[in-house]
Amino acid sequence: MSAVASIILAAGQGKRMKSTLPKVLHPVAGIPMVSYSLELTGSLNLAKRIVVLGHQFERIKEAILSVDRKVLFVHQKEQLGTAHAVQAAEPYLTDFSGIILIISADVPLLKASTIQKIITHHQRAANSGTLLTARVKHPEGYGRIIRNAAGEVIQIVEEGDTLPEQRKVNEINSGIYCFNSKELFQALAQVKKDNSQKEYYLTDVIRILLEKGSSIGSITVDDPVEITGINDQQTLSQVSQLIYERNALAHMEEGVIVISPGNTFLEQRVQIGPGTIICPFTVITAGSQIGSGCQIGPYAHIVESKIGSQTRIFSSLVEKSRIGSNSDIGPFAHIRPESIICDEVKIGNFVEIKKTLVGEGTRVGHLTYLGDAVLGKQVNIGAGTITCNYDGVRKNRTTIEDGVFIGSNNALVAPVIIGKDSYTAAGSTITGNVPAQSLGIARAKQENITGWVSKKKKQNENKKIEK
Ligand code: UD1
Ligand code: CA
């Protein structure tokens with residue numbers, strides 16, 4: 001088998017997206033568009049993987065390097081068309097002889113199995129070039145595949161250059177091809193920009209190769225949705241929705257209960273145990289892991305977090321944190337990054353937790369902020385407790401040991417340690433450590449003025465008479 005090198009075309013600005021974000025960095029079902037073609041080519045055993053970038057080169061390169069370091073970057077300084085983009089990669093392939101696989105970065109639904117098929121077909125048929133085509137109901141916006149009476153491909157005509165009868169052709173070019181390297185680069189040198197967009201079209205290579213007697217073949221995808229190219233926001237949203245639904249269905253096959261797949265947003269690389277119920281309007285981002293028998297949502301947003309089993313999370317945001325088993329989170333809780341919530345914990349309404357360890361069996365029921373704190377086991381935090389963790393310069397630690405009972409409406413001024421099994425009185429501002437087994441009380445003593453009301457009334461009546 002010949003060696004295969006891939007070229008991903010990603011230099012275009014994506015004008016039709018009408019966005020300041022480069023097209024290929026737009027999230028598709030939560031992850032940047034370009035990641036799909038990177039993952040796909042990464043899953044194949046390829047001799048070389050090249051990405052052609054242009055518009056916002058550095059920004060996209062950085063984004064790619066954060067997820068994939070095994071690619072070569074080519075800078076297409078001016079975006080003069082898809083043929084020009086492939087040509088920009090030529091200097092990186094001078095020592096390469098084999099098959100060039102070309103993929104656009106805006107086709108995220110493309111499957112690795114389809115790529116395998118086109119490569120195999122290209123080799124078996126000993127073609128100079130092989131196209132991947134699709135038959136669609138709405139060919140608008142795509143290049144049309146023009147065939148002769150014998151059914152052989154004779155050229156690809158771009159939408160803007162079609163004759164009226166060509167416009168009706170419903171077989172389209174997917175923008176995915178295999179070429180023999182030598183013939184490809186020879187043909188590219190002959191491409192001209194004599195077309196409606198004044199661009200160097202890669203699609204012209206087909207006609208050029210045929211004119212010199214080379215063989216061009218094609219295969220057609222079974223499901224045309226697979227080669228949907230994203231050029232505008234509408235298609236982006238449709239493709240994202242489709243991926244989310246597919247992901248939900250894949251989890252359902254493994255025994256996850258998804259109440260409404262159309263209203264559930266599970267990104268790639270999410271693990272969920274069987275018997276877990278995912279309620280509507282839940283977003284779970286790539287890399288999250290959830291155990292079995294949980295109830296997540298409605299309205300849960302889990303960002304890169306790990307959740308144990310039998311845990312419930314309602315209407316809450318959990319970011320880059322770990323939550324144990326048999327715990328209850330929400331409604332309206334915010335677990336901020338680097339928090340660890342152990343087993344059997346209750347985090348209730350309007351509670352914010354940041355960079356905090358919450359020990360087993362601890363309860364934080366209502367209206368509380370815990371930041372930079374370490375809580376032991378079986379702690380009870382009263383409503384309205386606030387850790388005063390920031391002194392304007394640095395973040396300070398609050399330590400609450402096992403079995404502590406913090407009364408309602410406490411301000412715990414860090415650094416501070418509340419010793420094992422101790423209590424703090426409601427309404428206290430705790431500025432010093434509380435020893436184990438003690439009561440910390442830090443509030444003004446209550447005074448009652450008896451008979452105050454009748455005295456006040458009398459004073460008011462006298463004032464009326466004076467008027
Ligand atoms: C292209 C094809 C069209 C096909 C469609 C499939 C051409 C001329 N047309 O059209 O036949 O039906 O894809 O989706 O090839 N790019 C560069 N450098 C450039 C121009 C584009 O790297 O100078 C990249 C883009 O970033 C994009 C890809 O090439 O990832 C395709 O470009 P795009 O402008 O989206 O082409 P289409 O008009 O969709
Ligand atoms: Ca496109």
# chains A, B, ... in the order shown; residues from 1 in each chain; ligands from 1
$ residues_around --residues "Ile417 (chain A)" --least-positions-apart "5" --cutoff "7 Å" --atoms "only C-alpha atoms" --output "list in words"
Thr398, Thr399, Ile400, Asn433 and Val434 of chain A
$ residues_around --residues "region 10-15 of chain A" --least-positions-apart "5" --cutoff "12 Å" --atoms "only C-alpha atoms" --output "ChimeraX atom specification"
/A:20-26,33-35,37-38,50-61,64,73-86,88-89,102-107,229-233,236
$ write_last_selection --atoms "C-alpha atoms" --output "PDB file, in the first residue's frame"
ATOM      1  CA  THR A  20     -14.787  37.647  14.288  1.00  0.00           C
ATOM      2  CA  LEU A  21     -13.870  34.148  15.423  1.00  0.00           C
ATOM      3  CA  PRO A  22     -12.027  32.248  12.653  1.00  0.00           C
ATOM      4  CA  LYS A  23     -14.427  29.721  11.134  1.00  0.00           C
ATOM      5  CA  VAL A  24     -12.456  26.619  12.101  1.00  0.00           C
ATOM      6  CA  LEU A  25     -12.351  27.659  15.770  1.00  0.00           C
ATOM      7  CA  HIS A  26     -16.135  27.899  16.043  1.00  0.00           C
ATOM      8  CA  MET A  33     -14.476  22.702  14.228  1.00  0.00           C
ATOM      9  CA  VAL A  34     -10.890  21.925  13.197  1.00  0.00           C
ATOM     10  CA  SER A  35     -10.572  19.281  15.946  1.00  0.00           C
ATOM     11  CA  SER A  37     -10.510  16.715  10.951  1.00  0.00           C
ATOM     12  CA  LEU A  38      -7.469  16.538  13.247  1.00  0.00           C
ATOM     13  CA  ILE A  50      -0.350  18.909   7.187  1.00  0.00           C
ATOM     14  CA  VAL A  51      -2.693  21.733   8.135  1.00  0.00           C
ATOM     15  CA  VAL A  52      -2.862  24.773   5.864  1.00  0.00           C
ATOM     16  CA  LEU A  53      -3.591  27.931   7.849  1.00  0.00           C
ATOM     17  CA  GLY A  54      -3.755  31.563   6.795  1.00  0.00           C
ATOM     18  CA  HIS A  55      -6.286  33.885   8.342  1.00  0.00           C
ATOM     19  CA  GLN A  56      -5.313  34.283  12.055  1.00  0.00           C
ATOM     20  CA  PHE A  57      -2.475  31.792  11.579  1.00  0.00           C
ATOM     21  CA  GLU A  58      -0.907  32.087  15.046  1.00  0.00           C
ATOM     22  CA  ARG A  59      -4.179  31.925  16.937  1.00  0.00           C
ATOM     23  CA  ILE A  60      -5.349  28.780  15.166  1.00  0.00           C
ATOM     24  CA  LYS A  61      -1.900  27.182  15.351  1.00  0.00           C
ATOM     25  CA  ILE A  64      -4.348  23.181  17.429  1.00  0.00           C
ATOM     26  CA  PHE A  73       1.693  23.806   9.763  1.00  0.00           C
ATOM     27  CA  VAL A  74       1.767  25.530   6.403  1.00  0.00           C
ATOM     28  CA  HIS A  75       1.182  29.254   6.188  1.00  0.00           C
ATOM     29  CA  GLN A  76      -0.885  30.286   3.165  1.00  0.00           C
ATOM     30  CA  LYS A  77      -0.304  34.013   3.509  1.00  0.00           C
ATOM     31  CA  GLU A  78      -2.935  35.071   0.991  1.00  0.00           C
ATOM     32  CA  GLN A  79      -6.060  33.001   0.570  1.00  0.00           C
ATOM     33  CA  LEU A  80      -6.243  32.768  -3.185  1.00  0.00           C
ATOM     34  CA  GLY A  81      -8.332  29.610  -3.331  1.00  0.00           C
ATOM     35  CA  THR A  82      -8.304  25.928  -2.474  1.00  0.00           C
ATOM     36  CA  ALA A  83      -5.801  25.015  -5.245  1.00  0.00           C
ATOM     37  CA  HIS A  84      -3.434  27.717  -3.996  1.00  0.00           C
ATOM     38  CA  ALA A  85      -3.835  26.341  -0.447  1.00  0.00           C
ATOM     39  CA  VAL A  86      -2.783  22.832  -1.488  1.00  0.00           C
ATOM     40  CA  ALA A  88       1.353  26.022  -0.336  1.00  0.00           C
ATOM     41  CA  ALA A  89       1.926  22.563   1.158  1.00  0.00           C
ATOM     42  CA  ILE A 102      -7.288  16.395   1.002  1.00  0.00           C
ATOM     43  CA  ILE A 103      -9.923  17.300   3.587  1.00  0.00           C
ATOM     44  CA  SER A 104     -11.602  20.611   4.343  1.00  0.00           C
ATOM     45  CA  ALA A 105     -11.604  21.629   7.980  1.00  0.00           C
ATOM     46  CA  ASP A 106     -15.280  22.548   7.755  1.00  0.00           C
ATOM     47  CA  VAL A 107     -16.688  19.017   7.321  1.00  0.00           C
ATOM     48  CA  GLY A 229     -19.736  21.629   4.836  1.00  0.00           C
ATOM     49  CA  ILE A 230     -20.194  24.388   7.403  1.00  0.00           C
ATOM     50  CA  ASN A 231     -20.145  27.806   5.761  1.00  0.00           C
ATOM     51  CA  ASP A 232     -22.703  29.716   7.839  1.00  0.00           C
ATOM     52  CA  GLN A 233     -24.114  29.918  11.357  1.00  0.00           C
ATOM     53  CA  LEU A 236     -23.099  25.177  12.193  1.00  0.00           C
TER      54      LEU A 236
END
$ residues_around --residues "Ala29 (chain A)" --least-positions-apart "2" --cutoff "7 Å" --atoms "only C-alpha atoms" --output "list in words"
Pro27, Ile31, Ser240, Gln241, Ile243, Tyr244 and Glu267 of chain A
$ closest_residue --among "A:Phe405, A:Tyr369, A:Tyr92, A:Phe281" --to "Arg336 (chain A)" --atoms "only C-alpha atoms"
A:Tyr369
$ residues_around --residues "Gly371 (chain A)" --least-positions-apart "4" --cutoff "6 Å" --atoms "only C-alpha atoms" --output "MDAnalysis selection string"
chainID A and resid 353:356
$ write_last_selection --atoms "C-alpha atoms" --output "compact mmCIF listing (two decimals), in the first residue's frame"
# COMPACT_ATOMS: atom_id res chain seq x y z
CA ILE A 353 -17.89 26.57 46.49
CA LYS A 354 -14.41 27.49 45.22
CA LYS A 355 -11.15 25.53 45.52
CA THR A 356 -12.58 23.79 48.56
$ atom_distance --atom1 "CA of Gly30 (chain A)" --atom2 "CA of Arg135 (chain A)"
28.6 Å
$ closest_residue --among "A:Gln446, A:Gln271, A:Gln155, A:Thr235" --to "Ala248 (chain A)" --atoms "only C-alpha atoms"
A:Gln271
$ select_by_dssp --residues "region 277-432 of chain A" --states "strand (DSSP E or B)" --output "count of residues only"
73
$ closest_residue --among "A:Lys193, A:Lys111, A:Lys70, A:Lys137" --to "ligand 1" --atoms "only C-alpha atoms and all ligand atoms"
A:Lys193
$ select_by_dssp --residues "region 215-413 of chain A" --states "helix (DSSP H, G or I)" --output "ChimeraX atom specification"
/A:224-227,233-253,261-263
$ write_last_selection --atoms "C-alpha atoms" --output "compact mmCIF listing (two decimals), in the first residue's frame"
# COMPACT_ATOMS: atom_id res chain seq x y z
CA PRO A 224 -25.05 12.86 2.31
CA VAL A 225 -25.34 14.48 5.75
CA GLU A 226 -21.86 13.14 6.46
CA ILE A 227 -20.18 15.57 4.11
CA GLN A 233 -24.11 29.92 11.36
CA GLN A 234 -27.31 28.06 10.44
CA THR A 235 -25.46 24.99 9.21
CA LEU A 236 -23.10 25.18 12.19
CA SER A 237 -26.04 24.99 14.57
CA GLN A 238 -27.68 22.15 12.63
CA VAL A 239 -24.48 20.10 12.62
CA SER A 240 -23.91 20.72 16.34
CA GLN A 241 -27.44 19.61 17.13
CA LEU A 242 -26.96 16.47 15.08
CA ILE A 243 -23.71 15.59 16.89
CA TYR A 244 -25.33 16.22 20.29
CA GLU A 245 -28.22 13.95 19.38
CA ARG A 246 -25.87 11.26 18.09
CA ASN A 247 -23.82 11.43 21.27
CA ALA A 248 -27.00 11.11 23.35
CA LEU A 249 -28.13 8.09 21.33
CA ALA A 250 -24.72 6.44 21.75
CA HIS A 251 -24.99 6.84 25.54
CA MET A 252 -28.53 5.45 25.45
CA GLU A 253 -27.16 2.32 23.77
CA PRO A 261 -32.01 13.72 23.31
CA GLY A 262 -32.94 16.82 21.30
CA ASN A 263 -32.53 18.97 24.40
